[in-house]
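Quick look at upload_29.cif (mmCIF, C-alpha atoms):
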data_start
loop_
_atom_site.label_atom_id
_atom_site.label_comp_id
_atom_site.auth_asym_id
_atom_site.auth_seq_id
_atom_site.Cartn_x
_atom_site.Cartn_y
_atom_site.Cartn_z
CA ASP A 1 51.36 21.96 82.78
CA LYS A 2 48.79 19.44 84.10
CA GLY A 3 49.18 16.16 85.89
CA LEU A 4 48.20 12.93 84.22
CA PHE A 5 44.75 12.77 85.83
CA LEU A 6 43.71 16.33 84.88
CA ALA A 7 45.15 15.92 81.38
CA VAL A 8 43.07 12.79 80.78
CA THR A 9 40.04 14.54 82.30
CA ALA A 10 40.39 17.51 79.94
CA ALA A 11 40.85 15.19 76.95
CA THR A 12 37.75 13.24 77.95
CA SER A 13 35.72 16.44 78.14
CA ILE A 14 36.88 17.35 74.62
CA ALA A 15 36.00 13.86 73.39
CA PHE A 16 32.53 14.27 74.89
CA PHE A 17 32.02 17.45 72.85
CA ALA A 18 33.19 15.61 69.72
CA MET A 19 30.26 13.20 70.17
CA ILE A 20 27.65 15.96 70.47
CA GLY A 21 24.83 15.40 68.00
CA PHE A 22 23.99 11.78 68.77
CA GLU A 23 21.71 12.84 71.62
CA ASP A 24 19.59 14.77 69.11
CA SER A 25 18.34 11.46 67.73
CA VAL A 26 16.43 10.84 70.97
CA ASN A 27 14.06 13.69 70.15
CA MET A 28 13.86 12.93 66.41
CA VAL A 29 13.35 9.17 66.67
CA GLU A 30 9.73 9.60 67.77
CA GLU A 31 8.93 10.53 64.17
CA THR A 32 10.11 7.14 62.88
CA ARG A 33 8.35 3.80 62.82
CA ASN A 34 9.14 1.18 65.44
CA PRO A 35 11.74 3.35 67.26
CA GLU A 36 12.10 0.96 70.21
CA HIS A 37 13.55 -1.66 67.90
CA ILE A 38 15.71 0.35 65.51
CA PHE A 39 17.02 3.14 67.75
CA PRO A 40 19.43 1.26 70.08
CA ARG A 41 21.08 -0.54 67.16
CA THR A 42 21.36 2.63 65.08
CA MET A 43 22.66 4.71 67.98
CA LEU A 44 25.40 2.24 68.96
CA THR A 45 26.39 1.69 65.33
CA GLY A 46 26.73 5.42 64.70
CA LEU A 47 28.76 5.92 67.87
CA GLY A 48 31.05 3.04 66.91
CA ILE A 49 31.70 4.43 63.42
CA ALA A 50 32.40 7.90 64.82
CA VAL A 51 34.84 6.52 67.40
CA ILE A 52 36.75 4.63 64.70
CA LEU A 53 36.97 7.73 62.47
CA TYR A 54 38.19 9.93 65.32
CA MET A 55 40.81 7.36 66.31
CA LEU A 56 42.06 7.12 62.71
CA VAL A 57 42.36 10.91 62.56
CA ALA A 58 44.30 10.97 65.85
CA VAL A 59 46.64 8.20 64.68
CA SER A 60 47.22 10.05 61.38
CA VAL A 61 48.13 13.27 63.18
CA VAL A 62 50.64 11.72 65.58
CA SER A 63 52.11 9.54 62.81
CA VAL A 64 52.67 12.29 60.24
CA LEU A 65 53.62 15.27 62.41
CA SER A 66 56.60 15.62 64.71
CA PRO A 67 56.35 16.67 68.40
CA THR A 68 57.62 20.13 67.47
CA GLU A 69 54.91 20.52 64.84
CA HIS A 70 52.30 19.35 67.37
CA GLU A 71 53.30 22.18 69.67
CA GLY A 72 53.00 24.74 66.89
CA ILE A 73 49.58 23.43 65.88
CA ARG A 74 48.35 23.60 69.47
CA GLU A 75 49.28 27.29 69.60
CA ALA A 76 47.71 27.94 66.18
CA GLU A 77 44.40 26.43 67.36
CA GLY A 78 43.31 24.06 64.64
CA ALA A 79 45.82 23.76 61.82
CA ALA A 80 46.28 20.01 62.26
CA LEU A 81 44.27 18.94 59.21
CA HIS A 82 46.10 21.38 56.92
CA GLU A 83 49.53 20.22 58.09
CA VAL A 84 48.72 16.51 57.84
CA VAL A 85 47.33 16.82 54.31
CA HIS A 86 50.19 19.08 53.18
CA LYS A 87 52.77 16.54 54.34
CA GLY A 88 50.87 13.41 53.31
CA SER A 89 49.63 14.69 49.93
CA PRO A 90 51.35 17.95 48.95
CA ASP A 91 49.45 18.28 45.65
CA PHE A 92 45.99 18.06 47.22
CA PRO A 93 44.32 21.55 47.27
CA ILE A 94 43.24 21.40 50.91
CA ASP A 95 43.41 25.20 51.30
CA ARG A 96 40.64 25.65 48.72
CA ILE A 97 38.51 22.69 49.83
CA PHE A 98 38.71 23.10 53.60
CA PRO A 99 36.52 26.27 53.81
CA PHE A 100 33.67 24.40 52.10
CA LEU A 101 34.10 21.45 54.45
CA ALA A 102 34.01 23.77 57.46
CA VAL A 103 30.89 25.61 56.28
CA PHE A 104 29.13 22.33 55.49
CA ALA A 105 30.01 20.87 58.90
CA VAL A 106 28.84 23.96 60.78
CA ALA A 107 25.62 24.25 58.75
CA ASN A 108 24.88 20.55 59.21
CA THR A 109 25.43 20.75 62.96
CA ALA A 110 23.28 23.87 63.24
CA LEU A 111 20.48 22.27 61.23
CA ILE A 112 20.48 19.12 63.37
CA ASN A 113 20.42 21.13 66.58
CA MET A 114 17.63 23.40 65.33
CA LEU A 115 15.52 20.39 64.37
CA MET A 116 16.10 18.76 67.75
CA ALA A 117 15.46 21.95 69.72
CA SER A 118 12.21 22.68 67.88
CA ARG A 119 10.88 19.20 68.71
CA LEU A 120 12.02 19.62 72.28
CA PHE A 121 10.20 22.93 72.63
CA TYR A 122 7.13 21.40 71.01
CA GLY A 123 7.07 18.48 73.45
CA MET A 124 7.62 20.68 76.51
CA ALA A 125 4.90 23.09 75.37
CA ARG A 126 2.55 20.15 74.80
CA GLN A 127 3.15 19.03 78.40
CA ASP A 128 2.63 22.57 79.77
CA VAL A 129 6.25 22.99 80.80
CA LEU A 130 6.71 25.87 78.36
CA PRO A 131 4.11 28.30 76.94
CA ARG A 132 1.63 26.51 74.67
CA ALA A 133 2.36 28.95 71.85
CA LEU A 134 5.69 27.15 71.31
CA GLY A 135 3.75 23.98 70.47
CA ARG A 136 2.07 25.38 67.37
CA VAL A 137 2.54 23.41 64.15
CA LEU A 138 1.76 23.97 60.47
CA PRO A 139 -1.72 22.71 59.51
CA GLY A 140 -0.55 20.49 56.66
CA ARG A 141 2.98 19.28 57.34
CA ARG A 142 2.70 19.40 61.15
CA THR A 143 6.09 21.13 61.36
CA PRO A 144 6.63 22.89 64.74
CA TRP A 145 7.24 26.33 63.26
CA ALA A 146 6.94 28.13 66.59
CA GLY A 147 9.67 25.99 68.15
CA ILE A 148 11.92 26.50 65.12
CA THR A 149 11.46 30.27 65.30
CA PHE A 150 12.13 30.42 69.04
CA SER A 151 15.25 28.24 68.82
CA THR A 152 16.62 30.40 65.99
CA ILE A 153 16.09 33.60 67.99
CA LEU A 154 17.74 31.98 71.00
CA ALA A 155 20.76 30.92 68.92
CA LEU A 156 21.16 34.39 67.44
CA GLY A 157 20.94 35.89 70.92
CA LEU A 158 23.71 33.60 72.14
CA ILE A 159 25.95 34.54 69.21
CA TRP A 160 25.32 38.25 69.84
CA TYR A 161 26.13 37.91 73.55
CA VAL A 162 29.39 36.06 72.99
CA THR A 163 30.59 38.29 70.15
CA SER A 164 29.84 41.44 72.17
CA ASP A 165 33.14 40.79 73.96
CA PRO A 166 35.95 41.31 71.41
CA ASP A 167 38.34 39.21 73.50
CA SER A 168 35.95 36.27 73.71
CA ASN A 169 36.59 33.02 71.82
CA VAL A 170 33.16 32.52 70.25
CA VAL A 171 33.58 28.92 69.15
CA ALA A 172 35.25 27.77 72.37
CA ASN A 173 32.67 29.44 74.63
CA LEU A 174 29.58 28.26 72.76
CA SER A 175 30.90 24.74 72.25
CA GLY A 176 32.08 24.57 75.87
CA THR A 177 28.70 25.74 77.13
CA THR A 178 26.99 23.13 74.97
CA ALA A 179 29.22 20.39 76.34
CA PHE A 180 28.68 21.59 79.92
CA LEU A 181 24.88 21.66 79.64
CA LEU A 182 24.82 18.25 77.96
CA LEU A 183 26.98 16.83 80.73
CA CYS A 184 24.48 18.16 83.27
CA VAL A 185 21.57 16.74 81.27
CA SER A 186 23.34 13.38 80.92
CA THR A 187 23.84 13.28 84.68
CA VAL A 188 20.13 13.81 85.29
CA VAL A 189 19.13 11.34 82.56
CA ASN A 190 21.31 8.58 84.00
CA VAL A 191 19.91 9.16 87.49
CA ALA A 192 16.39 9.04 86.02
CA CYS A 193 17.33 5.81 84.23
CA VAL A 194 18.20 4.17 87.55
CA VAL A 195 14.98 5.38 89.18
CA LEU A 196 12.70 4.39 86.30
CA ARG A 197 14.36 1.02 85.87
CA GLY A 198 13.40 0.16 89.42
CA LYS A 199 9.78 1.18 88.84
CA ARG A 200 9.27 -0.57 85.50
CA ASP A 201 6.67 -3.27 85.12
CA ARG A 202 8.62 -6.54 84.85
CA SER A 203 5.96 -8.09 82.61
CA ARG A 204 6.38 -5.40 79.94
CA LYS A 205 8.60 -6.30 77.01
CA VAL A 206 11.48 -3.90 76.33
CA PHE A 207 14.07 -3.83 73.57
CA PHE A 208 16.98 -2.33 75.48
CA THR A 209 18.00 -2.07 79.13
CA SER A 210 21.14 -0.34 80.36
CA PRO A 211 23.40 -3.02 81.81
CA GLY A 212 24.02 -3.29 85.55
CA PRO A 213 25.50 -0.28 87.35
CA LEU A 214 26.42 1.51 84.10
CA PRO A 215 23.93 4.42 84.59
CA VAL A 216 25.32 5.08 88.08
CA VAL A 217 28.90 5.16 86.80
CA ALA A 218 27.85 7.38 83.87
CA ALA A 219 26.06 9.82 86.17
CA LEU A 220 29.11 10.16 88.43
CA LEU A 221 31.51 10.63 85.51
CA CYS A 222 29.29 13.19 83.75
CA ALA A 223 28.89 15.18 86.99
CA PHE A 224 32.66 15.13 87.47
CA LEU A 225 33.38 16.33 83.91
CA ALA A 226 30.91 19.21 84.36
CA GLY A 227 32.99 20.66 87.20
CA PRO A 228 35.34 23.67 86.97
CA TRP A 229 38.44 21.49 87.51
CA VAL A 230 38.48 20.54 83.80
CA GLY A 231 39.66 24.06 82.95
CA ARG A 232 36.33 25.41 81.71
CA ASP A 233 36.14 29.17 81.07
CA PRO A 234 33.94 30.91 83.71
CA VAL A 235 31.99 32.66 80.94
CA GLN A 236 30.56 29.28 79.96
CA TYR A 237 28.94 28.96 83.37
CA ARG A 238 27.46 32.47 82.98
CA ILE A 239 25.99 31.59 79.59
CA ALA A 240 24.57 28.35 80.94
CA GLY A 241 23.11 30.18 83.94
CA GLY A 242 21.44 32.71 81.63
CA LEU A 243 19.87 29.94 79.56
CA MET A 244 18.65 28.22 82.71
CA ALA A 245 17.16 31.51 83.90
CA VAL A 246 15.24 31.92 80.63
CA GLY A 247 13.90 28.38 80.98
CA VAL A 248 12.84 28.92 84.58
CA VAL A 249 11.06 32.18 83.72
CA LEU A 250 9.18 30.54 80.84
CA TRP A 251 8.22 27.61 83.07
CA PHE A 252 6.99 29.93 85.82
CA VAL A 253 4.88 31.95 83.37
CA THR A 254 3.41 28.71 82.01
CA TRP A 255 2.71 27.44 85.52
CA LEU A 256 0.89 30.66 86.46
CA PHE A 257 -1.19 30.60 83.28
CA THR A 258 -2.06 26.91 83.63
CA ARG A 259 -3.00 27.36 87.27
CA ARG A 260 -5.20 30.34 86.50
CA THR A 261 -7.03 28.67 83.63
CA SER A 262 -7.11 25.24 85.34
CA THR A 263 -6.87 23.46 82.02
CA GLY A 264 -4.38 20.83 83.10
CA PRO A 265 -1.90 19.10 80.79
CA ALA A 266 -2.45 19.66 77.12
CA GLY A 267 -2.22 16.01 76.22
CA ALA A 268 -5.06 16.08 73.70
CA ARG A 269 -3.22 18.12 71.09
CA PRO A 270 -2.13 16.18 67.98
CA HIS A 271 1.38 14.79 67.62
CA ILE A 272 3.64 16.03 64.82
CA SER A 273 3.53 12.74 62.96
CA GLU A 274 -0.26 12.35 63.19
#
Would you write the structure of this file as structure tokens?
Amino acid sequence: DKGLFLAVTAATSIAFFAMIGFEDSVNMVEETRNPEHIFPRTMLTGLGIAVILYMLVAVSVVSVLSPTEHEGIREAEGAALHEVVHKGSPDFPIDRIFPFLAVFAVANTALINMLMASRLFYGMARQDVLPRALGRVLPGRRTPWAGITFSTILALGLIWYVTSDPDSNVVANLSGTTAFLLLCVSTVVNVACVVLRGKRDRSRKVFFTSPGPLPVVAALLCAFLAGPWVGRDPVQYRIAGGLMAVGVVLWFVTWLFTRRTSTGPAGARPHISE
């Protein structure tokens, strides 16, 4: 029931969510050696492999299933893999294996996001953007336990809020909110890329520079996909607004405390990898 432009826009927004997880490497790569050299190559290679796999899956679905079966799968919300495997390999026990695949995929995604979020909280606390208590690490392993604990509580709170409405689609709302916030972040990051690229010291050697006007185009496209015209559920904007409110409150409390103590940025605290 959509025109061609809105249909492609909605599909692009879904494809963006399918790629969620790669941005986590930005926060984790600081714990590796020589990240400036290895990160761009690894990031682009991983994206390329993922794109190929997703395209092969899409080709398999449209090749094996008929248009009528596509319509039924769309209404069933996610039975495509079962139907393709049943028709392509009837003897394969996909019904018994699929639950383990789903649990593994969800657990893996949750683990990656928890690791990324804990490092993000640690870095923001270290720069006095969030309360310094979130920057605490274990004495021996230097693991940011405070950030891990806070991110876990935040995730459980989100799940409780979404499941409190019996008519709410938990997966769709949480995944849609994640995609929306990442689109907003990507917009800001691309704008910052343009600004910082103009201020960079030309004599400093760099390993990767975004080509030409690509950051400008990316910022415009990400801002467009974050809009309500892609068919996003209004509850996703409410969840995102609540998360933003929590962040603003924590920042304001940190700002008041830092101003009162006049300690300035906490740049002298040790890094995780030290």
Next item on the list: Please evaluate the PyMOL selection byres ((chain A and resi 137-151) around 10) against the structure above and give the resulting residues as JSON, numbers by chain.
Entry: {"A": [113, 114, 115, 116, 117, 118, 119, 120, 121, 122, 123, 125, 132, 133, 134, 135, 136, 152, 153, 154, 155, 156, 157, 270, 271, 272, 273, 274]}
Notebook entry, point to check: Which residue, A:His82, A:Lys199, A:Lys87, A:Arg232, has the smallest gap to Pro99 in chain A when you use only C-alpha atoms?
Noted result: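 With only C-alpha atoms as the atom set, the closest residue is A:His82.
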Next item on the list: For the file shown, report as a PyMOL selection string the outcome of the PyMOL selection byres ((chain A and resi 239) around 12) at residue level.
Entry: chain A and resi 154-155+157-162+170+173-178+180-181+233-238+240-246
Notebook entry, point to check: What is the CA of Leu225 in chain A-CA of Ser13 in chain A distance in Å, reported with one decimal?
Noted result: 6.2 Å
Check: What gap, in Å, lies between CA of Val191 in chain A and CA of Glu30 in chain A?
Finding: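 That distance, rounded to one decimal, is 22.2 Å.
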Checklist line | Explicit residues for the PyMOL selection byres ((chain A and resi 43) around 12) (as a list in words) | finding: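 Written out, the selection comes to Met19, Gly21, Phe22, Glu23, Asp24, Ser25, Val26, Val29, Pro35, Glu36, His37, Ile38, Phe39, Pro40, Arg41, Thr42, Leu44, Thr45, Gly46, Leu47, Gly48, Ile49, Ala50 and Phe208 of chain A.
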Checklist line | Distance criterion (all atoms listed in the file): nearest to Val185 in chain A out of A:Ala18, A:Ala218, A:Gly198, A:Gly88 | finding: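 Using all atoms listed in the file, Val185 in chain A sits closest to A:Ala218.
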Item checked: Two-atom distance - CA of Gly3 in chain A, CA of Pro213 in chain A (Å) ->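 Computing it gives 28.9 Å between the two atoms.
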Note to self: Applying 12 Å and only C-alpha atoms, which residues near Cys193 in chain A remain after dropping the ones on its own chain fewer than 5 positions away? List them as a list in words.
What the structure shows: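 The residues satisfying every condition are Ser186, Thr187, Val188, Gly198, Lys199, Arg200, Phe208, Thr209, Ser210, Pro211, Gly212, Pro213, Leu214, Pro215, Val216, Val217, Ala218 and Ala219 of chain A.
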For the residues selected in the previous step, produce a file with C-alpha atoms as a short mmCIF file (atom, residue, chain, number, x, y, z; two decimals), in the coordinates of the input.
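Output file result29.cif is given in full below:
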data_model
loop_
_atom_site.label_atom_id
_atom_site.label_comp_id
_atom_site.auth_asym_id
_atom_site.auth_seq_id
_atom_site.Cartn_x
_atom_site.Cartn_y
_atom_site.Cartn_z
CA SER A 186 23.34 13.38 80.92
CA THR A 187 23.84 13.28 84.68
CA VAL A 188 20.13 13.81 85.29
CA GLY A 198 13.40 0.16 89.42
CA LYS A 199 9.78 1.18 88.84
CA ARG A 200 9.27 -0.57 85.50
CA PHE A 208 16.98 -2.33 75.48
CA THR A 209 18.00 -2.07 79.13
CA SER A 210 21.14 -0.34 80.36
CA PRO A 211 23.40 -3.02 81.81
CA GLY A 212 24.02 -3.29 85.55
CA PRO A 213 25.50 -0.28 87.35
CA LEU A 214 26.42 1.51 84.10
CA PRO A 215 23.93 4.42 84.59
CA VAL A 216 25.32 5.08 88.08
CA VAL A 217 28.90 5.16 86.80
CA ALA A 218 27.85 7.38 83.87
CA ALA A 219 26.06 9.82 86.17
#
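For Val61 in chain A, the set of protein, DNA and RNA residues having any atom at most 9 Å away, when counting all atoms listed in the file and skipping those fewer than 4 positions along the same chain, is Leu56, Val57, Leu65, Ser66, His70, Ala80, Leu81, Glu83 and Val84 of chain A.
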For range 175-186 of chain A, supply all heavy atoms and format the output as a PDB file, in the coordinates of the input.
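Output saved as rebuild_29.pdb:
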ATOM      1  N   SER A 175      30.758  26.194  72.244  1.00  0.00           N
ATOM      2  CA  SER A 175      30.900  24.740  72.250  1.00  0.00           C
ATOM      3  C   SER A 175      31.103  24.227  73.674  1.00  0.00           C
ATOM      4  O   SER A 175      30.561  23.178  74.058  1.00  0.00           O
ATOM      5  CB  SER A 175      32.073  24.317  71.374  1.00  0.00           C
ATOM      6  OG  SER A 175      33.290  24.862  71.856  1.00  0.00           O
ATOM      7  N   GLY A 176      31.879  24.976  74.475  1.00  0.00           N
ATOM      8  CA  GLY A 176      32.080  24.570  75.870  1.00  0.00           C
ATOM      9  C   GLY A 176      30.807  24.625  76.678  1.00  0.00           C
ATOM     10  O   GLY A 176      30.554  23.747  77.515  1.00  0.00           O
ATOM     11  N   THR A 177      29.985  25.642  76.437  1.00  0.00           N
ATOM     12  CA  THR A 177      28.700  25.740  77.130  1.00  0.00           C
ATOM     13  C   THR A 177      27.786  24.585  76.732  1.00  0.00           C
ATOM     14  O   THR A 177      27.089  24.002  77.571  1.00  0.00           O
ATOM     15  CB  THR A 177      28.013  27.082  76.808  1.00  0.00           C
ATOM     16  OG1 THR A 177      28.886  28.154  77.161  1.00  0.00           O
ATOM     17  CG2 THR A 177      26.709  27.216  77.570  1.00  0.00           C
ATOM     18  N   THR A 178      27.786  24.260  75.439  1.00  0.00           N
ATOM     19  CA  THR A 178      26.990  23.130  74.970  1.00  0.00           C
ATOM     20  C   THR A 178      27.401  21.840  75.652  1.00  0.00           C
ATOM     21  O   THR A 178      26.562  21.063  76.130  1.00  0.00           O
ATOM     22  CB  THR A 178      27.122  22.987  73.441  1.00  0.00           C
ATOM     23  OG1 THR A 178      26.743  24.203  72.813  1.00  0.00           O
ATOM     24  CG2 THR A 178      26.242  21.862  72.931  1.00  0.00           C
ATOM     25  N   ALA A 179      28.719  21.609  75.702  1.00  0.00           N
ATOM     26  CA  ALA A 179      29.220  20.390  76.340  1.00  0.00           C
ATOM     27  C   ALA A 179      28.868  20.373  77.829  1.00  0.00           C
ATOM     28  O   ALA A 179      28.472  19.340  78.375  1.00  0.00           O
ATOM     29  CB  ALA A 179      30.728  20.288  76.151  1.00  0.00           C
ATOM     30  N   PHE A 180      28.991  21.521  78.491  1.00  0.00           N
ATOM     31  CA  PHE A 180      28.680  21.590  79.920  1.00  0.00           C
ATOM     32  C   PHE A 180      27.210  21.278  80.200  1.00  0.00           C
ATOM     33  O   PHE A 180      26.876  20.479  81.082  1.00  0.00           O
ATOM     34  CB  PHE A 180      29.027  22.981  80.458  1.00  0.00           C
ATOM     35  CG  PHE A 180      28.468  23.266  81.818  1.00  0.00           C
ATOM     36  CD1 PHE A 180      28.960  22.607  82.936  1.00  0.00           C
ATOM     37  CD2 PHE A 180      27.450  24.192  81.984  1.00  0.00           C
ATOM     38  CE1 PHE A 180      28.439  22.859  84.203  1.00  0.00           C
ATOM     39  CE2 PHE A 180      26.923  24.450  83.231  1.00  0.00           C
ATOM     40  CZ  PHE A 180      27.425  23.783  84.348  1.00  0.00           C
ATOM     41  N   LEU A 181      26.312  21.902  79.427  1.00  0.00           N
ATOM     42  CA  LEU A 181      24.880  21.660  79.640  1.00  0.00           C
ATOM     43  C   LEU A 181      24.515  20.209  79.328  1.00  0.00           C
ATOM     44  O   LEU A 181      23.703  19.603  80.040  1.00  0.00           O
ATOM     45  CB  LEU A 181      24.062  22.605  78.757  1.00  0.00           C
ATOM     46  CG  LEU A 181      24.075  24.078  79.181  1.00  0.00           C
ATOM     47  CD1 LEU A 181      23.368  24.947  78.146  1.00  0.00           C
ATOM     48  CD2 LEU A 181      23.412  24.256  80.547  1.00  0.00           C
ATOM     49  N   LEU A 182      25.120  19.649  78.289  1.00  0.00           N
ATOM     50  CA  LEU A 182      24.820  18.250  77.960  1.00  0.00           C
ATOM     51  C   LEU A 182      25.352  17.301  79.028  1.00  0.00           C
ATOM     52  O   LEU A 182      24.736  16.261  79.303  1.00  0.00           O
ATOM     53  CB  LEU A 182      25.414  17.896  76.604  1.00  0.00           C
ATOM     54  CG  LEU A 182      24.644  18.440  75.389  1.00  0.00           C
ATOM     55  CD1 LEU A 182      25.377  18.111  74.101  1.00  0.00           C
ATOM     56  CD2 LEU A 182      23.237  17.869  75.349  1.00  0.00           C
ATOM     57  N   LEU A 183      26.483  17.642  79.627  1.00  0.00           N
ATOM     58  CA  LEU A 183      26.980  16.830  80.730  1.00  0.00           C
ATOM     59  C   LEU A 183      26.013  16.860  81.911  1.00  0.00           C
ATOM     60  O   LEU A 183      25.761  15.835  82.549  1.00  0.00           O
ATOM     61  CB  LEU A 183      28.367  17.320  81.159  1.00  0.00           C
ATOM     62  CG  LEU A 183      29.527  16.916  80.244  1.00  0.00           C
ATOM     63  CD1 LEU A 183      30.776  17.734  80.569  1.00  0.00           C
ATOM     64  CD2 LEU A 183      29.822  15.431  80.374  1.00  0.00           C
ATOM     65  N   CYS A 184      25.471  18.042  82.189  1.00  0.00           N
ATOM     66  CA  CYS A 184      24.480  18.160  83.270  1.00  0.00           C
ATOM     67  C   CYS A 184      23.226  17.357  82.939  1.00  0.00           C
ATOM     68  O   CYS A 184      22.682  16.643  83.791  1.00  0.00           O
ATOM     69  CB  CYS A 184      24.131  19.628  83.507  1.00  0.00           C
ATOM     70  SG  CYS A 184      25.495  20.634  84.119  1.00  0.00           S
ATOM     71  N   VAL A 185      22.766  17.482  81.688  1.00  0.00           N
ATOM     72  CA  VAL A 185      21.570  16.740  81.270  1.00  0.00           C
ATOM     73  C   VAL A 185      21.837  15.239  81.341  1.00  0.00           C
ATOM     74  O   VAL A 185      20.985  14.455  81.799  1.00  0.00           O
ATOM     75  CB  VAL A 185      21.159  17.152  79.843  1.00  0.00           C
ATOM     76  CG1 VAL A 185      20.073  16.231  79.315  1.00  0.00           C
ATOM     77  CG2 VAL A 185      20.666  18.594  79.842  1.00  0.00           C
ATOM     78  N   SER A 186      23.013  14.810  80.891  1.00  0.00           N
ATOM     79  CA  SER A 186      23.340  13.380  80.920  1.00  0.00           C
ATOM     80  C   SER A 186      23.387  12.859  82.350  1.00  0.00           C
ATOM     81  O   SER A 186      23.002  11.712  82.603  1.00  0.00           O
ATOM     82  CB  SER A 186      24.693  13.147  80.236  1.00  0.00           C
ATOM     83  OG  SER A 186      24.624  13.490  78.870  1.00  0.00           O
TER      84      SER A 186
END
